[in-house]
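Asker: Quick one: the structure is below, questions incoming.
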Amino acid sequence: MADMPEPPLYPYAPPRDLGAPAPLRYPVVVVGAGPVGLALALDLGLQGQPVLVLDDHEGPGDGSRAICFSKRSLEIADRYGCAAGMLDKGVVWKRGKVFHRDREIYEFDLLPESGHRCPAFVNLQQPDFERFMVARIRQAQRDGAPIELRGRNRVEAAAPDAGGADLTVATPDGSYRLRADWLVACDGARSSLRGMLGLDFEGRVFRDSFLIADIRMTGPFPAERRFWFDPWFRSGASALMHKQPDDVWRIDFQIGWNVDRAEELKEDNVRRRLDAMLGEDARYDLLWTSIYTFQCRRMRRFRHGRVFFAGDSAHQVSPFGARGCNSGIQDAENLGWKLGMVLRGEAPEALLHSYCTERRAAADENIRHSTRSTDFITPKSRTSRLFRDAVLDLAARHPFARPMVNSGRLSQAASYRNGPLTGPDGLPGGPAGARPGAACPDAPLTEGYLLNRLGGGFTLLFLGASPPESMPAGAGAPPLRQVVLGAGDDPSGLVRDRYLGQAASAVYLVRPDQHIGARWPGYDAAAVRGALRLACGMERTE
Amino acid sequence: MTELILTPNIDDPDGFYAELIAAHDGLDDDESAALNARLILILANHVGDRNVLSQALHAAAPAPAS
């Protein structure tokens, strides 16, 4: 029933450590080569920071299979140089439709504005997403990026201490030990590192299960997200349908809490549900099926000394809203530049505290949205169901109820507005979408797009404002690039709309992860220096 | 005549909805129904306009069977 197996993405080769007389030492070890671990490897490697990635498989695992990659994830991938293939292969969609029984009650458009290089979402199989990232890693390795990716290297034991962690790693040729100065657990919801370290993971379990199927068919359905509450075809209490590339469709049925998993996963039973939805004469191949339950929970802290947790290992949400993988990729890019700066001695270790502060706030926002969606999709009490059904009933007739229909609030870039690295908003009349803390909104330039121009590293963006003759790099502050744009660079006027608003000119401090650190009407050396120091963790704010 | 507002008019609809559902936590069905009754009366008093209230009662009536 499955496709032919792909050749391994990162085949096992005996690591040099096996013959080493003493454990070798590595500055950064990442455990898990899923999208989060691969993103972090690219981030660090492209900065020239050596990074070793260990994975217990030789390619995409059988576990989670994200399909919806958000604009922010694509923008991050674009900065790493691997978005082109994703954008090319992925199914672009921005429309969602919600049905109640047999009626369409609501339709939404996720990105009503134009002028962004990346769409609101593309649907792409997670293994393909990982393949594009690994291909980029291979290219970066050829260009000298110090990334090492080891398949079938399973971490068996971890002993963290104040200066790093000792790991025991099992391979087909036996075990070896290594020393990591910094360790990052990107090993998923069932993180074995989290277990080995005996760390907490608290939150709510939802008492429902979902049957998930990837099927291949050529059908008349358009590239949009379709969600049914109480579907007329009765294949589940709710149903979700999503298009992926290569004529593959993702279908989810909510099937209740007490189910016999083995029985439900029998092909005949899966097909019975699918046939009810698609019609008795529908022809399709079953590619992959699974049953999942989910939790909304997170660790109390994402950093424990020299060990970081990123992605599902640190926090989990329900799948409605595409907030799992997409938030994990944002974790990776948030940690990447901070770790790089600390390793280069450009920032104090205190900068790393902000990883937990910023990403925990993002996780809480994701958990809040995800919990609300789940409570709407699977009402937990009779009253809750009564209100849910009333909203659905009213939504078909009255627009006011439609914003309350919640089949998932789709992932958007987190804002670090209240984070410890974010300065005050110094631009009167500036647009809300570009407040300090926000991810830079994209906009088309005469050539290319703004986000591509910003690149990585700390950048000062001048809009209708004059840069100084020279920018003094202050005591210990990292290098600061300049990007100067005028009206001639902005034929659509969208840079003006998204960054100036009512203001005549602006100077933006942009972080290496393309989040806005601070903004002002003009250049002020002392203000810039202060904001830069704040963004690098050089100022105590607590 | 004031028209009943039937277009979105609540800031943060998700937050409101979550608070509304949470208000029923721990209540049995009768207690929930009583809470809803009190809530309707409070909101109706806030609206005040007798004609708007009639429009609201009409809008909330069961949809004709289709």
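Naming scheme: A, B, ... for chains in displayed order of the structure tokens; residues 1 onward per chain; ligands 1 onward as shown.
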Counting only C-alpha atoms, what are the residues of chain B within 7 Å of chain A, and for each of them which pair of atoms is the nearest and at what distance in Å, to one decimal? Sort the table by chain and rising number, as CSV.
Answerer:
```
residue,atom,partner,partner_atom,distance
B:Leu6,CA,A:Phe400,CA,5.1
B:Thr7,CA,A:Phe400,CA,4.1
B:Pro8,CA,A:Phe400,CA,3.9
B:Asn9,CA,A:Phe400,CA,6.8
B:Pro13,CA,A:Met404,CA,5.7
B:Asp14,CA,A:Met404,CA,6.1
B:Tyr17,CA,A:Met404,CA,7.0
B:Ala18,CA,A:Arg372,CA,6.6
B:Ile21,CA,A:Ser384,CA,6.0
B:Ser32,CA,A:Thr383,CA,6.9
```
Asker: Mind writing the picked residues with C-alpha atoms as a compact mmCIF listing (two decimals), in the first residue's frame?
Answerer:
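Contents of the output file result29.txt:
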```
# COMPACT_ATOMS: atom_id res chain seq x y z
CA LEU B 6 -25.66 41.01 12.30
CA THR B 7 -22.14 41.66 11.04
CA PRO B 8 -19.05 40.94 13.17
CA ASN B 9 -19.00 43.41 16.05
CA PRO B 13 -14.25 36.72 19.03
CA ASP B 14 -12.15 33.67 19.97
CA TYR B 17 -16.14 32.48 22.92
CA ALA B 18 -13.58 30.81 25.20
CA ILE B 21 -17.70 28.42 27.41
CA SER B 32 -25.99 26.09 32.48
```
Asker: Write out as an MDAnalysis selection string each polymer residue whose atoms come within 10 Å of Met299 (chain A), counting only C-alpha atoms; drop sequence neighbours fewer than 3 positions from it.
Answerer: chainID A and resid 194 199:203 302:303 309 313:316 360 363
Asker: Work out how far CA of Ala518 (chain A) is from CA of Pro436 (chain A), in Å to one decimal.
Answerer: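 Result for CA of Pro436 (chain A) versus CA of Ala518 (chain A): 5.0 Å, one decimal.
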Asker: Would you mind telling me which residue in A:Arg359, A:Arg261, A:Arg529, A:Arg177 lies nearest to Thr293 (chain A) when using only C-alpha atoms?
Answerer: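 Closest to Thr293 (chain A), using only C-alpha atoms: A:Arg261.
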Asker: Env of Leu35 (chain B): 12 Å cut, atoms = only C-alpha atoms, seq-sep filter 3 positions within chain, self excluded. Answer as a count of residues only.
Answerer: 18
Asker: Would you mind writing down, as a PyMOL selection string, each residue of chain B that DSSP on the backbone assigns to helix (DSSP H, G or I)?
Answerer: chain B and resi 13-22+29-47+50-60
Asker: Compile the contact shell of Val528 (chain A) as a ChimeraX atom specification: residues with an atom at most 10 Å away, counting only C-alpha atoms, same-chain residues fewer than 2 positions apart removed.
Answerer: /A:460,471,474,507-509,517-520,523-526,530-534
Asker: Tell me which of B:Ala34, B:Phe16, B:Met1, B:Ile10 sits closest to Asp49 (chain B), counting only C-alpha atoms.
Answerer: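 Ranking B:Ala34, B:Phe16, B:Met1, B:Ile10 by distance to Asp49 (chain B), first place goes to B:Met1.
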Asker: So how many Å separate CA of Asp78 (chain A) and CA of Lys338 (chain A), to one decimal?
Answerer: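 A separation of 19.3 Å between them.
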